[in-house]
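Written out below as structure tokens is the structure these notes cover.
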Amino acid sequence: MPDSTMRQGRGTKKTVERGRKQAAAALSNGRAVSPTQIYEQLRQRIATRIYPPGTRLSESELATEFRLSRTPVRQALQRLATDGLVSIKNGVGVTVTDLDRTEIDQAYYLRCQLAAMIGHTNPRPLSDADLAELKAVHLRVRALLGKRGGMPLGEFSELCERFHNIVNNVIGSRMLRDFIEILYHQTDRFWFGWMSEADMRAEVTHFLHEVEETQRALEINDFEAVGYIRRNHITMMLARMAALRDA
């Protein structure tokens, strides 16, 4: 059974409805929505706890929301199931999955080990477009820290996702890249769940440091450093989160 002592954010019906309206407005915009866009939107909702573990997802309701037939929605849900983020069972439907304490620890351990391999598996320099994207993320994180008041979790999670995708483009091994991608999305939802108890501004500051360190390493194509920076920041984040997990 999932660890009932773990502090995790819980999405309310109001939050879910707000997320649905925002997604519909952002994605529809008079144009057809692809299964990939639906998949990414649903994955983001799972990551930020709009859909916490145990949430039932209705294929028909999602099709209505995105103004599509059920086929592309079904394709998106199948991708989420492949990633282990939802389970699809006859007679039960689609349910957001959970991990117990041991499984979460194992997933983070694997992430750390795989991150250290980034510089040893045929790494490749980033394209000019990726470098420009990294610079844009850097500027957005700084702007986020410059805002008064609380840190918006949605914007923070979006920047984390963009940064993760950029770093993954360094990886030359498709298999390693796929494993890291799956584990990232299996664990980020628990990390963002812990954010409700953490100092968000401090976490965004830590993230800024990781972005800047990675940027410096990529400027000289030190791919081993990129992997170790990623690994070290994961382990430091786990150390910061340990007290919250055990409270």
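By order of appearance in the structure tokens: chains A, B, ..., then residues from 1 within every chain, and ligands from 1 in the order shown.
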- Message: Can you tell me, as a VMD selection string, which residues in stretch 82-202 of chain A count as alpha helix (DSSP H) by DSSP?
- Response: chain A and resid 82 101 to 115 128 to 146 153 to 168 174 to 194 200 to 202
- Message: Report as a PyMOL selection string all protein, DNA and RNA residues lying within 12 Å of A:Asp128, evaluated on only C-alpha atoms, omitting residues in the same chain fewer than 2 positions from it.
- Response: chain A and resi 125-126+130-135+166+169+218-219
Since we have the selection now, will you write its residues out, keeping C-alpha atoms, as a PDB file, in the first residue's frame?
```pdb
ATOM      1  CA  PRO A 125      26.419  18.696 -28.540  1.00  0.00           C
ATOM      2  CA  LEU A 126      23.165  20.605 -28.343  1.00  0.00           C
ATOM      3  CA  ASP A 130      18.421  23.837 -27.843  1.00  0.00           C
ATOM      4  CA  LEU A 131      21.012  26.303 -26.562  1.00  0.00           C
ATOM      5  CA  ALA A 132      18.592  29.165 -27.250  1.00  0.00           C
ATOM      6  CA  GLU A 133      15.885  27.250 -25.383  1.00  0.00           C
ATOM      7  CA  LEU A 134      18.218  26.735 -22.430  1.00  0.00           C
ATOM      8  CA  LYS A 135      18.952  30.461 -22.350  1.00  0.00           C
ATOM      9  CA  ILE A 166      16.960  20.024 -23.114  1.00  0.00           C
ATOM     10  CA  ASN A 169      18.808  15.954 -25.943  1.00  0.00           C
ATOM     11  CA  LEU A 218      27.442  22.726 -22.072  1.00  0.00           C
ATOM     12  CA  GLU A 219      29.327  25.814 -23.200  1.00  0.00           C
TER      13      GLU A 219
END
```
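All residues of protein, DNA or RNA that reach within 9 Å of A:Cys112, judged by only C-alpha atoms and not counting those fewer than 6 positions away in the chain, are Tyr228, Arg230, Arg231, Asn232, Ile234 and Thr235 of chain A.
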- Item | Residues within 10 Å of A:Glu61, only C-alpha atoms, excluding chain neighbours under 4 positions, as a PyMOL selection string | chain A and resi 57+65-67+70+73
Keeping only C-alpha atoms, take the residues you just selected and write them out as a compact mmCIF listing (two decimals), in the first residue's frame.
```
# COMPACT_ATOMS: atom_id res chain seq x y z
CA LEU A 57 -10.03 9.54 -15.79
CA GLU A 65 -13.17 18.63 -23.02
CA PHE A 66 -10.74 18.53 -25.94
CA ARG A 67 -13.57 18.54 -28.49
CA ARG A 70 -12.41 9.26 -28.22
CA VAL A 73 -7.83 10.50 -26.21
```
How close does each residue of stretch 162-188 of chain A get to stretch 101-106 of chain A, giving the shortest atom pair and distance in Å to one decimal for every residue with an atom at most 10 Å away, counting only C-alpha atoms, sorted by chain and residue number, as CSV?
```
residue,atom,partner,partner_atom,distance
A:Leu183,CA,A:Ile104,CA,9.8
A:Gln186,CA,A:Ile104,CA,8.4
A:Thr187,CA,A:Ile104,CA,6.9
```
Residue subset to file, keeping N, CA and C atoms, as a compact mmCIF listing (two decimals), in the first residue's frame:
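Saved to out_7.txt:
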```txt
# COMPACT_ATOMS: atom_id res chain seq x y z
N LEU A 183 11.35 7.52 -15.88
CA LEU A 183 11.59 7.68 -14.44
C LEU A 183 11.35 9.11 -13.98
N GLN A 186 7.70 9.48 -13.57
CA GLN A 186 7.20 8.68 -12.46
C GLN A 186 7.45 9.38 -11.12
N THR A 187 8.54 10.14 -11.04
CA THR A 187 8.93 10.73 -9.75
C THR A 187 8.56 12.20 -9.60
```
- Query: Between atom CA of A:Ser127 and atom CA of A:Leu159, what is the distance, to one decimal in Å?
  - Reply: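 Atom-to-atom, atom CA of A:Ser127 and atom CA of A:Leu159 are spaced 19.0 Å apart.
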- Message: Residues within 10 Å of A:Arg74, please, as a list of chain:residue names. Count only C-alpha atoms; anything in the same chain fewer than 5 positions from it doesn't count.
- Response: A:Pro35, A:Ile38, A:Tyr39, A:Ser58, A:Glu59, A:Ser60, A:Leu62, A:Ala63, A:Ser69, A:Arg79, A:Leu80
Residues from the last selection, C-alpha atoms, saved as an mmCIF file, in the first residue's frame:
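Now in again-v5.cif:
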```cif
data_model
loop_
_atom_site.group_PDB
_atom_site.id
_atom_site.type_symbol
_atom_site.label_atom_id
_atom_site.label_comp_id
_atom_site.auth_asym_id
_atom_site.auth_seq_id
_atom_site.Cartn_x
_atom_site.Cartn_y
_atom_site.Cartn_z
ATOM 1 C CA PRO A 35 -2.822 12.868 -29.162
ATOM 2 C CA ILE A 38 -3.423 15.592 -24.939
ATOM 3 C CA TYR A 39 -0.792 13.235 -23.518
ATOM 4 C CA SER A 58 -13.013 9.344 -18.106
ATOM 5 C CA GLU A 59 -12.228 8.842 -21.767
ATOM 6 C CA SER A 60 -15.585 10.300 -22.795
ATOM 7 C CA LEU A 62 -11.757 14.084 -21.823
ATOM 8 C CA ALA A 63 -12.958 13.725 -25.420
ATOM 9 C CA SER A 69 -13.386 11.835 -30.815
ATOM 10 C CA ARG A 79 0.912 6.335 -23.741
ATOM 11 C CA LEU A 80 0.377 7.307 -20.109
#
```
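Shortest separation to A:Glu213 among A:Ser87, A:Ala143, A:Ile229, A:Leu68 occurs at residue A:Ile229, atoms counted being only C-alpha atoms.
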- Task: Check stretch 28-223 of chain A with DSSP on the backbone and list each residue it calls strand (DSSP E), as a list in words.
- Result: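 Filtering stretch 28-223 of chain A to strand (DSSP E) leaves Arg56, Leu57, Val86, Ser87, Ile88, Lys89, Gly93, Val94, Thr95 and Val96 of chain A.
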Please, could you write that set of residues out with N, CA and C atoms as a compact mmCIF listing (two decimals), in the first residue's frame?
```
# COMPACT_ATOMS: atom_id res chain seq x y z
N ARG A 56 -9.79 8.82 -11.12
CA ARG A 56 -10.34 8.12 -12.28
C ARG A 56 -10.44 9.11 -13.45
N LEU A 57 -9.96 8.71 -14.60
CA LEU A 57 -10.03 9.54 -15.79
C LEU A 57 -11.04 8.95 -16.75
N VAL A 86 -0.74 5.79 -15.50
CA VAL A 86 -2.13 5.37 -15.28
C VAL A 86 -2.21 3.87 -15.50
N SER A 87 -3.23 3.27 -14.94
CA SER A 87 -3.52 1.87 -15.22
C SER A 87 -4.86 1.80 -15.93
N ILE A 88 -4.96 0.89 -16.88
CA ILE A 88 -6.19 0.71 -17.64
C ILE A 88 -6.66 -0.72 -17.44
N LYS A 89 -7.82 -0.88 -16.80
CA LYS A 89 -8.34 -2.22 -16.51
C LYS A 89 -9.80 -2.31 -16.93
N GLY A 93 -11.65 0.92 -15.56
CA GLY A 93 -11.38 2.14 -16.31
C GLY A 93 -9.94 2.59 -16.16
N VAL A 94 -9.73 3.89 -16.26
CA VAL A 94 -8.39 4.48 -16.23
C VAL A 94 -8.18 5.16 -14.88
N THR A 95 -7.12 4.78 -14.19
CA THR A 95 -6.84 5.31 -12.86
C THR A 95 -5.39 5.78 -12.77
N VAL A 96 -5.17 6.96 -12.20
CA VAL A 96 -3.81 7.45 -11.98
C VAL A 96 -3.13 6.55 -10.95
```
- Hey, can you check how far atom CA of A:Met175 sits from atom CA of A:Gly227?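 These atoms are spaced 15.9 Å apart.
Considering the residues A:Met151, A:Leu85, A:Ile220, A:Met237 and counting only C-alpha atoms, A:Ala47 has its shortest atom-to-atom contact with A:Leu85.
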